[in-house]
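Visitor: Below is the file model-v9.csv, which contains CSV, C-alpha atoms.
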chain,number,residue,atom,x,y,z
A,1,MET,CA,-4.5,-25.5,15.9
A,2,MET,CA,-2.8,-25.4,12.5
A,3,ASP,CA,-6.2,-26.0,10.9
A,4,ASN,CA,-7.7,-23.0,12.7
A,5,ILE,CA,-4.8,-20.8,11.6
A,6,LEU,CA,-5.1,-21.8,8.0
A,7,HIS,CA,-8.9,-21.3,8.2
A,8,GLU,CA,-8.4,-17.8,9.6
A,9,PHE,CA,-5.9,-17.0,6.8
A,10,LYS,CA,-8.3,-18.3,4.1
A,11,ASP,CA,-11.1,-16.3,5.6
A,12,ALA,CA,-9.1,-13.1,5.7
A,13,TRP,CA,-8.0,-13.6,2.1
A,14,ARG,CA,-11.4,-14.3,0.7
A,15,ARG,CA,-13.3,-11.6,2.7
A,16,PRO,CA,-14.2,-8.5,0.5
A,17,ASN,CA,-13.0,-5.0,1.5
A,18,ASN,CA,-10.2,-6.5,3.6
A,19,ALA,CA,-7.1,-5.0,1.9
A,20,LEU,CA,-4.9,-4.6,4.9
A,21,PRO,CA,-4.8,-8.2,6.0
A,22,GLN,CA,-4.6,-9.4,2.4
A,23,ILE,CA,-1.5,-7.2,1.7
A,24,ILE,CA,0.1,-8.5,4.9
A,25,ILE,CA,-0.7,-12.1,3.9
A,26,ILE,CA,1.0,-11.6,0.5
A,27,ASN,CA,4.1,-10.3,2.1
A,28,VAL,CA,4.3,-13.2,4.7
A,29,VAL,CA,3.6,-15.9,2.1
A,30,VAL,CA,6.3,-14.5,-0.3
A,31,PHE,CA,8.8,-14.3,2.6
A,32,LEU,CA,8.1,-17.9,3.6
A,33,VAL,CA,8.3,-19.2,0.1
A,34,LEU,CA,11.7,-17.5,-0.6
A,35,ALA,CA,13.0,-18.5,2.8
A,36,VAL,CA,12.1,-22.2,2.3
A,37,LEU,CA,13.7,-22.1,-1.2
A,38,ASN,CA,16.8,-20.5,0.3
A,39,VAL,CA,17.1,-23.2,3.0
A,40,PHE,CA,16.6,-26.1,0.5
A,41,GLY,CA,18.9,-24.5,-2.0
A,42,LYS,CA,21.8,-24.4,0.4
A,43,ILE,CA,21.2,-27.9,1.8
A,44,PHE,CA,21.0,-29.5,-1.6
A,45,GLY,CA,23.6,-27.3,-3.3
A,46,ILE,CA,21.1,-25.8,-5.7
A,47,SER,CA,21.2,-22.2,-4.5
A,48,PHE,CA,21.2,-21.0,-8.1
A,49,ILE,CA,17.5,-21.9,-8.2
A,50,SER,CA,16.6,-19.9,-5.1
A,51,ASP,CA,18.8,-17.1,-6.2
A,52,PHE,CA,17.0,-16.9,-9.5
A,53,VAL,CA,13.6,-16.8,-7.9
A,54,TYR,CA,14.8,-14.1,-5.4
A,55,ASP,CA,16.1,-12.0,-8.3
A,56,GLN,CA,12.6,-11.9,-9.7
A,57,PHE,CA,11.6,-9.9,-6.6
A,58,SER,CA,14.7,-7.8,-6.3
A,59,ILE,CA,14.9,-4.5,-8.2
A,60,PRO,CA,18.4,-4.0,-9.6
A,61,PRO,CA,20.0,-0.5,-9.3
A,62,LEU,CA,21.1,-0.3,-13.0
A,63,PHE,CA,18.8,0.4,-15.9
A,64,ALA,CA,20.6,-2.2,-18.0
A,65,ASP,CA,19.5,-4.9,-15.6
A,66,PHE,CA,16.2,-3.4,-14.7
A,67,ILE,CA,14.9,-3.4,-18.3
A,68,LEU,CA,15.4,-7.2,-18.3
A,69,ARG,CA,13.0,-7.6,-15.4
A,70,PRO,CA,10.8,-4.5,-15.2
A,71,TRP,CA,8.2,-6.2,-13.1
A,72,THR,CA,10.5,-5.8,-10.1
A,73,LEU,CA,9.4,-2.2,-9.9
A,74,LEU,CA,6.4,-3.7,-8.0
A,75,THR,CA,7.4,-7.1,-6.9
A,76,TYR,CA,10.3,-5.8,-4.8
A,77,ALA,CA,7.7,-4.3,-2.4
A,78,PHE,CA,6.3,-7.8,-1.5
A,79,ALA,CA,9.7,-9.4,-0.7
A,80,HIS,CA,12.0,-8.9,2.3
A,81,SER,CA,15.6,-9.7,3.3
A,82,LEU,CA,16.0,-13.3,4.3
A,83,SER,CA,19.0,-12.5,6.6
A,84,SER,CA,16.8,-11.1,9.4
A,85,ILE,CA,13.1,-11.6,10.3
A,86,PHE,CA,13.0,-8.1,11.8
A,87,HIS,CA,12.9,-6.6,8.3
A,88,ILE,CA,9.5,-8.0,7.5
A,89,LEU,CA,8.3,-7.9,11.1
A,90,PHE,CA,8.8,-4.1,11.6
A,91,ASN,CA,7.4,-3.3,8.1
A,92,MET,CA,4.2,-5.3,8.7
A,93,LEU,CA,3.7,-3.8,12.2
A,94,ILE,CA,4.0,-0.3,10.9
A,95,LEU,CA,1.8,-1.1,7.9
A,96,TYR,CA,-0.8,-2.5,10.2
A,97,TRP,CA,-0.9,0.5,12.6
A,98,PHE,CA,-1.0,3.2,9.9
A,99,GLY,CA,-2.9,1.1,7.4
A,100,LYS,CA,-5.8,0.8,9.8
A,101,LEU,CA,-6.1,4.6,9.8
A,102,ILE,CA,-6.1,4.8,6.0
A,103,VAL,CA,-8.8,2.1,5.8
A,104,GLU,CA,-10.9,3.8,8.5
A,105,TYR,CA,-10.9,7.2,7.0
A,106,ILE,CA,-10.7,6.8,3.2
A,107,GLY,CA,-11.3,3.1,2.5
A,108,ASN,CA,-9.6,-0.1,1.3
A,109,GLN,CA,-9.0,0.9,-2.3
A,110,LYS,CA,-7.1,4.0,-1.2
A,111,LEU,CA,-4.8,1.8,0.9
A,112,ILE,CA,-4.1,-0.4,-2.1
A,113,ASN,CA,-3.5,2.7,-4.2
A,114,LEU,CA,-1.0,4.1,-1.7
A,115,TYR,CA,0.8,0.8,-1.4
A,116,VAL,CA,1.3,0.5,-5.1
A,117,LEU,CA,2.1,4.1,-5.8
A,118,GLY,CA,4.5,4.2,-2.8
A,119,ALA,CA,6.3,1.2,-4.1
A,120,ILE,CA,6.6,2.6,-7.7
A,121,SER,CA,7.7,6.0,-6.6
A,122,GLY,CA,10.3,4.5,-4.2
A,123,GLY,CA,11.6,2.2,-6.9
A,124,LEU,CA,11.8,5.0,-9.5
A,125,LEU,CA,13.7,7.3,-7.2
A,126,TYR,CA,16.1,4.4,-6.3
A,127,LEU,CA,16.7,3.8,-10.0
A,128,PHE,CA,17.2,7.5,-10.7
A,129,VAL,CA,19.9,8.1,-8.1
A,130,TYR,CA,21.9,5.0,-8.9
A,131,ASN,CA,21.9,5.9,-12.6
A,132,PHE,CA,22.2,9.7,-12.6
A,133,VAL,CA,23.7,10.8,-9.3
A,134,PRO,CA,27.4,10.3,-9.4
A,135,TYR,CA,27.8,9.5,-5.6
A,136,TYR,CA,25.3,6.6,-5.8
A,137,ALA,CA,26.4,5.4,-9.2
A,138,GLU,CA,30.0,5.1,-7.9
A,139,ASN,CA,29.0,3.3,-4.7
A,140,SER,CA,26.4,0.9,-6.1
A,141,ASN,CA,26.6,-2.6,-4.6
A,142,PHE,CA,24.7,-4.0,-7.6
A,143,HIS,CA,22.8,-6.4,-5.3
A,144,GLY,CA,19.4,-4.9,-5.8
A,145,MET,CA,16.7,-4.0,-3.3
A,146,VAL,CA,13.7,-5.7,-1.6
A,147,GLY,CA,11.3,-4.6,1.0
A,148,ALA,CA,7.9,-3.0,1.5
A,149,SER,CA,9.4,0.0,3.3
A,150,ALA,CA,8.7,2.5,0.5
A,151,ALA,CA,5.1,1.5,0.3
A,152,VAL,CA,4.8,1.5,4.1
A,153,TYR,CA,6.3,5.0,4.2
A,154,ALA,CA,3.8,6.2,1.7
A,155,ILE,CA,1.0,4.9,3.9
A,156,THR,CA,2.6,6.3,7.1
A,157,VAL,CA,3.0,9.8,5.7
A,158,ALA,CA,-0.4,9.7,4.0
A,159,ALA,CA,-2.0,8.9,7.4
A,160,ALA,CA,0.0,11.7,9.1
A,161,THR,CA,-1.1,14.1,6.3
A,162,LEU,CA,-4.7,13.1,6.6
A,163,VAL,CA,-5.0,13.1,10.4
A,164,PRO,CA,-1.8,14.8,11.7
A,165,ASN,CA,-3.0,15.1,15.2
A,166,TYR,CA,-4.2,11.5,15.7
A,167,THR,CA,-2.4,10.1,18.7
A,168,PHE,CA,-0.6,6.8,19.2
A,169,TYR,CA,0.3,5.7,22.7
A,170,LEU,CA,3.9,4.5,22.6
A,171,MET,CA,5.7,2.5,25.3
A,172,PHE,CA,8.1,4.7,27.3
A,173,PHE,CA,6.9,7.8,25.4
A,174,GLY,CA,3.2,8.0,26.1
A,175,PRO,CA,0.9,9.8,23.7
A,176,VAL,CA,2.6,11.0,20.5
A,177,ARG,CA,0.9,12.6,17.5
A,178,ILE,CA,1.5,10.6,14.3
A,179,LYS,CA,2.8,13.6,12.4
A,180,TYR,CA,5.8,13.5,14.7
A,181,ILE,CA,6.3,9.8,14.2
A,182,ALA,CA,6.2,10.2,10.4
A,183,GLY,CA,8.6,13.2,10.7
A,184,PHE,CA,11.0,11.1,12.7
A,185,TYR,CA,11.0,8.3,10.1
A,186,ILE,CA,11.7,10.8,7.3
A,187,VAL,CA,14.6,12.3,9.2
A,188,ILE,CA,16.1,8.9,9.9
A,189,SER,CA,15.8,7.9,6.3
A,190,PHE,CA,17.3,11.2,5.1
A,191,LEU,CA,20.3,10.8,7.4
A,192,GLY,CA,20.7,7.2,6.3
A,193,SER,CA,20.7,8.1,2.6
A,194,VAL,CA,24.5,8.0,2.5
A,195,GLY,CA,24.9,5.0,4.7
A,196,GLY,CA,25.1,1.2,4.3
A,197,ASN,CA,21.4,1.0,3.3
A,198,ALA,CA,21.5,4.2,1.1
A,199,GLY,CA,19.3,2.7,-1.6
A,200,GLY,CA,16.6,1.6,0.8
A,201,ASN,CA,16.5,4.9,2.5
A,202,ILE,CA,16.3,6.7,-0.8
A,203,ALA,CA,13.3,4.5,-1.6
A,204,HIS,CA,11.7,5.4,1.7
A,205,LEU,CA,11.9,9.1,0.9
A,206,GLY,CA,10.3,8.5,-2.5
A,207,GLY,CA,7.4,6.6,-0.9
A,208,ALA,CA,7.0,9.2,1.8
A,209,PHE,CA,6.8,12.0,-0.8
A,210,MET,CA,4.1,10.1,-2.7
A,211,GLY,CA,2.1,9.5,0.4
A,212,PHE,CA,2.0,13.3,1.1
A,213,VAL,CA,1.2,14.2,-2.5
A,214,TYR,CA,-1.4,11.5,-2.9
A,215,ILE,CA,-3.5,12.8,0.1
A,216,LYS,CA,-3.1,16.5,-1.0
A,217,GLN,CA,-4.3,15.6,-4.5
A,218,LEU,CA,-7.2,13.5,-3.0
A,219,GLN,CA,-8.3,16.4,-0.9
A,220,SER,CA,-8.3,18.6,-4.0
A,221,GLY,CA,-10.6,16.0,-5.8
A,222,THR,CA,-8.0,14.0,-7.8
A,223,ASP,CA,-7.3,10.4,-7.1
A,224,TRP,CA,-3.8,9.5,-8.5
A,225,GLY,CA,-4.5,5.9,-7.9
A,226,ALA,CA,-7.8,5.5,-9.7
A,227,TRP,CA,-6.1,3.6,-12.5
A,228,ILE,CA,-5.0,0.9,-10.0
A,229,GLY,CA,-8.6,0.1,-9.3
A,230,SER,CA,-9.4,-0.1,-13.0
A,231,VAL,CA,-6.4,-2.5,-13.6
A,232,MET,CA,-7.5,-4.7,-10.7
A,233,ARG,CA,-11.1,-4.9,-12.0
A,234,PHE,CA,-9.8,-5.7,-15.5
A,235,PHE,CA,-7.7,-8.7,-14.3
A,236,LYS,CA,-10.4,-9.7,-11.8
A,237,SER,CA,-12.9,-10.0,-14.7
A,238,PHE,CA,-10.9,-13.0,-16.0
A,239,PHE,CA,-11.4,-14.9,-12.8
A,240,VAL,CA,-14.8,-13.8,-11.5
A,241,HIS,CA,-17.8,-15.1,-13.5
A,242,GLN,CA,-20.2,-12.3,-14.5
A,243,PRO,CA,-23.7,-13.7,-14.9
A,244,LYS,CA,-25.4,-12.8,-18.1
A,245,MET,CA,-28.5,-10.6,-17.7
A,246,LYS,CA,-31.6,-11.3,-19.6
A,247,VAL,CA,-33.8,-8.3,-20.3
A,248,SER,CA,-37.4,-8.9,-21.3
A,249,SER,CA,-39.5,-6.4,-23.2
A,250,GLN,CA,-41.4,-5.7,-20.0
A,251,LYS,CA,-38.1,-4.8,-18.2
A,252,ARG,CA,-37.1,-2.6,-21.1
A,253,ALA,CA,-40.3,-0.7,-20.7
A,254,LYS,CA,-39.6,-0.2,-17.0
A,255,THR,CA,-36.1,1.1,-17.7
A,256,THR,CA,-37.4,3.8,-20.0
A,257,THR,CA,-39.6,5.2,-17.2
A,258,VAL,CA,-36.6,5.8,-15.0
A,259,LYS,CA,-34.2,7.1,-17.6
A,260,SER,CA,-33.5,10.3,-15.6
A,261,GLN,CA,-32.4,8.4,-12.4
A,262,PRO,CA,-28.7,7.8,-13.2
A,263,SER,CA,-28.1,11.6,-13.6
A,264,SER,CA,-29.9,12.2,-10.3
A,265,SER,CA,-27.8,9.4,-8.6
A,266,MET,CA,-24.6,10.9,-10.1
A,267,ALA,CA,-25.5,14.3,-8.7
A,268,ASN,CA,-26.0,12.8,-5.3
A,269,ASN,CA,-22.7,11.0,-5.4
A,270,MET,CA,-20.9,14.2,-6.4
A,271,ALA,CA,-22.6,16.0,-3.5
A,272,ASP,CA,-21.6,13.3,-1.1
A,273,GLN,CA,-17.9,13.4,-2.3
A,274,ALA,CA,-17.8,17.2,-1.9
A,275,GLU,CA,-19.0,16.8,1.6
A,276,ILE,CA,-16.4,14.1,2.4
A,277,ASP,CA,-13.7,16.4,0.9
A,278,LYS,CA,-14.8,19.1,3.3
A,279,ILE,CA,-14.6,16.7,6.2
A,280,LEU,CA,-11.1,15.6,5.2
A,281,ASP,CA,-10.0,19.3,4.9
A,282,LYS,CA,-11.4,19.9,8.4
A,283,ILE,CA,-9.4,16.9,9.7
A,284,SER,CA,-6.2,18.2,8.0
A,285,GLN,CA,-6.6,21.6,9.6
A,286,SER,CA,-8.0,20.8,13.1
A,287,GLY,CA,-7.6,17.1,13.6
A,288,TYR,CA,-10.1,14.2,13.8
A,289,GLU,CA,-11.3,15.3,17.3
A,290,SER,CA,-12.8,18.5,15.8
A,291,LEU,CA,-15.4,16.5,13.8
A,292,SER,CA,-19.0,16.3,15.0
A,293,LYS,CA,-20.6,12.9,15.7
A,294,GLU,CA,-22.5,13.2,12.4
A,295,GLU,CA,-19.3,14.0,10.4
A,296,LYS,CA,-17.5,11.1,11.9
A,297,GLN,CA,-20.4,8.8,10.9
A,298,LYS,CA,-20.4,10.1,7.4
A,299,LEU,CA,-16.7,9.5,7.1
A,300,PHE,CA,-17.0,6.0,8.5
A,301,ASN,CA,-19.8,5.2,6.0
A,302,ALA,CA,-17.7,6.6,3.1
A,303,SER,CA,-14.7,4.5,4.2
A,304,LYS,CA,-16.7,1.3,3.5
A,305,ASN,CA,-17.0,2.1,-0.2
Take the structure in this file and express it as structure tokens.
Guide:
Amino acid sequence: MMDNILHEFKDAWRRPNNALPQIIIINVVVFLVLAVLNVFGKIFGISFISDFVYDQFSIPPLFADFILRPWTLLTYAFAHSLSSIFHILFNMLILYWFGKLIVEYIGNQKLINLYVLGAISGGLLYLFVYNFVPYYAENSNFHGMVGASAAVYAITVAAATLVPNYTFYLMFFGPVRIKYIAGFYIVISFLGSVGGNAGGNIAHLGGAFMGFVYIKQLQSGTDWGAWIGSVMRFFKSFFVHQPKMKVSSQKRAKTTTVKSQPSSSMANNMADQAEIDKILDKISQSGYESLSKEEKQKLFNASKN
């Protein structure tokens, strides 16, 4: 049984265009590694080691500490509190439900973009309030923050902005449009922004704002996360072997005969993107159910890219 589980994890990790399970796997693996280190650290009296590792994932509230480990602006979004398994459980469930919508409608790369941008915007807002807003600066607990919640909020609000009338069927409540679910989460975080988890709730709001803005910008033709794909491809190039292409003189002759094709292909791509943007606008205004069968198929095909 364990072999089957490991095989499924490996298969999900290696499969291309499988961003949602891969993000969940990273979160689960990080949680398990930190939890195991924490257990052994306490048993053998070497908690300073597990604490040091945990600090590399925890974003500190003060700039003076943050500049010593700036990578935590992103790594905090892949770690969770070790005191309760419900922290990671609820985050991963919400990520799965709303992440599937993002992948279905706008593709895997957009999900990654939202996760990263949501984490960064949540972390930046967290740093801002604890360094420039007197109330938070005076009440800082100096322990730092972990959790994927800001990134998950970005994805949740993005999905609600993209397809606001999409319906989830909730136990005890029945059918509920996701725009109301996202709105409920935002209100809860706003009310909790002066509570015991003030920093976390502030980060939630930063992620939620980014999710809304990202979709609105995407609908207007601007992808704020395009640089993330470029960075990923850059680092991937160090690990994925690119076969060298040999071009014979005969092949060169062939390429000169089709010199005008790239511009034609680019024009087709631009036309396709314009059509997808119109479909997304229609979803935003009237809901997914208003699309024709042909429009749904075009959106589905585009989401594979």
Visitor: So which one's closest to Phe184 in chain A, A:Thr167, A:Ser121, A:Asn27, A:Thr156? Using all atoms listed in the file, please.
Guide: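 Once distances to Phe184 in chain A are computed over all atoms listed in the file, the minimum belongs to A:Thr156.
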Visitor: Can you tell me which residues surround His204 in chain A at a distance of at most 8 Å, considering only C-alpha atoms, apart from same-chain residues fewer than 4 positions away, and format the answer as a ChimeraX atom specification?
Guide: /A:122,149-151,153-154,186,189,200,208
Visitor: Find the distance between CA of Ala137 in chain A and CA of Ser58 in chain A and write it in Å to one decimal.
Guide: 17.9 Å
Visitor: Residues within 12 Å of Ile94 in chain A, please, as a list in words. Count all atoms listed in the file; anything in the same chain fewer than 3 positions from it doesn't count.
Guide: Leu20, Ile24, Phe86, His87, Ile88, Leu89, Phe90, Asn91, Trp97, Phe98, Gly99, Lys100, Leu101, Ala148, Ser149, Ala150, Ala151, Val152, Tyr153, Ala154, Ile155, Thr156, Val157, Ala159, Phe168, Ile178, Ile181, Ala182 and Tyr185 of chain A
Visitor: Do you have the CA of Gly118 in chain A-CA of Ala203 in chain A distance handy?
Guide: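 One can read the CA of Gly118 in chain A to CA of Ala203 in chain A distance as 8.9 Å.
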Visitor: Pick out the residues sitting within 7 Å of Leu73 in chain A, and hand them over as an NGL selection string; count only C-alpha atoms, and ignore anything fewer than 6 positions along from it in its own chain.
Guide: :A and (59 or 120 or 123)
Visitor: Calculated over only C-alpha atoms, which of the candidates A:Trp13, A:Phe63, A:Phe57, A:Phe78 has the smallest distance to Phe132 in chain A?
Guide: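 Using only C-alpha atoms, Phe132 in chain A sits closest to A:Phe63.
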Visitor: Counting only C-alpha atoms, which of A:Ala79, A:Leu117, A:Ile106, A:Val129 gets nearest to Phe209 in chain A?
Guide: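 For Phe209 in chain A, the nearest of the given residues is A:Leu117.
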Visitor: Kindly indicate which residue among A:Asn18, A:Gln219, A:Ser193, A:Asn113 lies nearest to Leu162 in chain A, using all atoms listed in the file for the distances.
Guide: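 Closest to Leu162 in chain A, using all atoms listed in the file: A:Gln219.
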Visitor: Skip Ala12 in chain A itself and residues of its chain fewer than 6 positions away, then list as an MDAnalysis selection string all residues within 10 Å of it, counting all atoms listed in the file.
Guide: chainID A and resid 6 18:22 25
Visitor: Can you pull out every residue within 10 Å of Asn131 in chain A, counting all atoms listed in the file, but drop anything in the same chain fewer than 3 positions away, and send it as a ChimeraX atom specification?
Guide: /A:61-64,125-128,134-138,140
Visitor: At what distance in Å, to one decimal, does CA of Phe31 in chain A lie from CA of Phe44 in chain A?
Guide: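 Going from CA of Phe44 in chain A over to CA of Phe31 in chain A, I get 19.9 Å.
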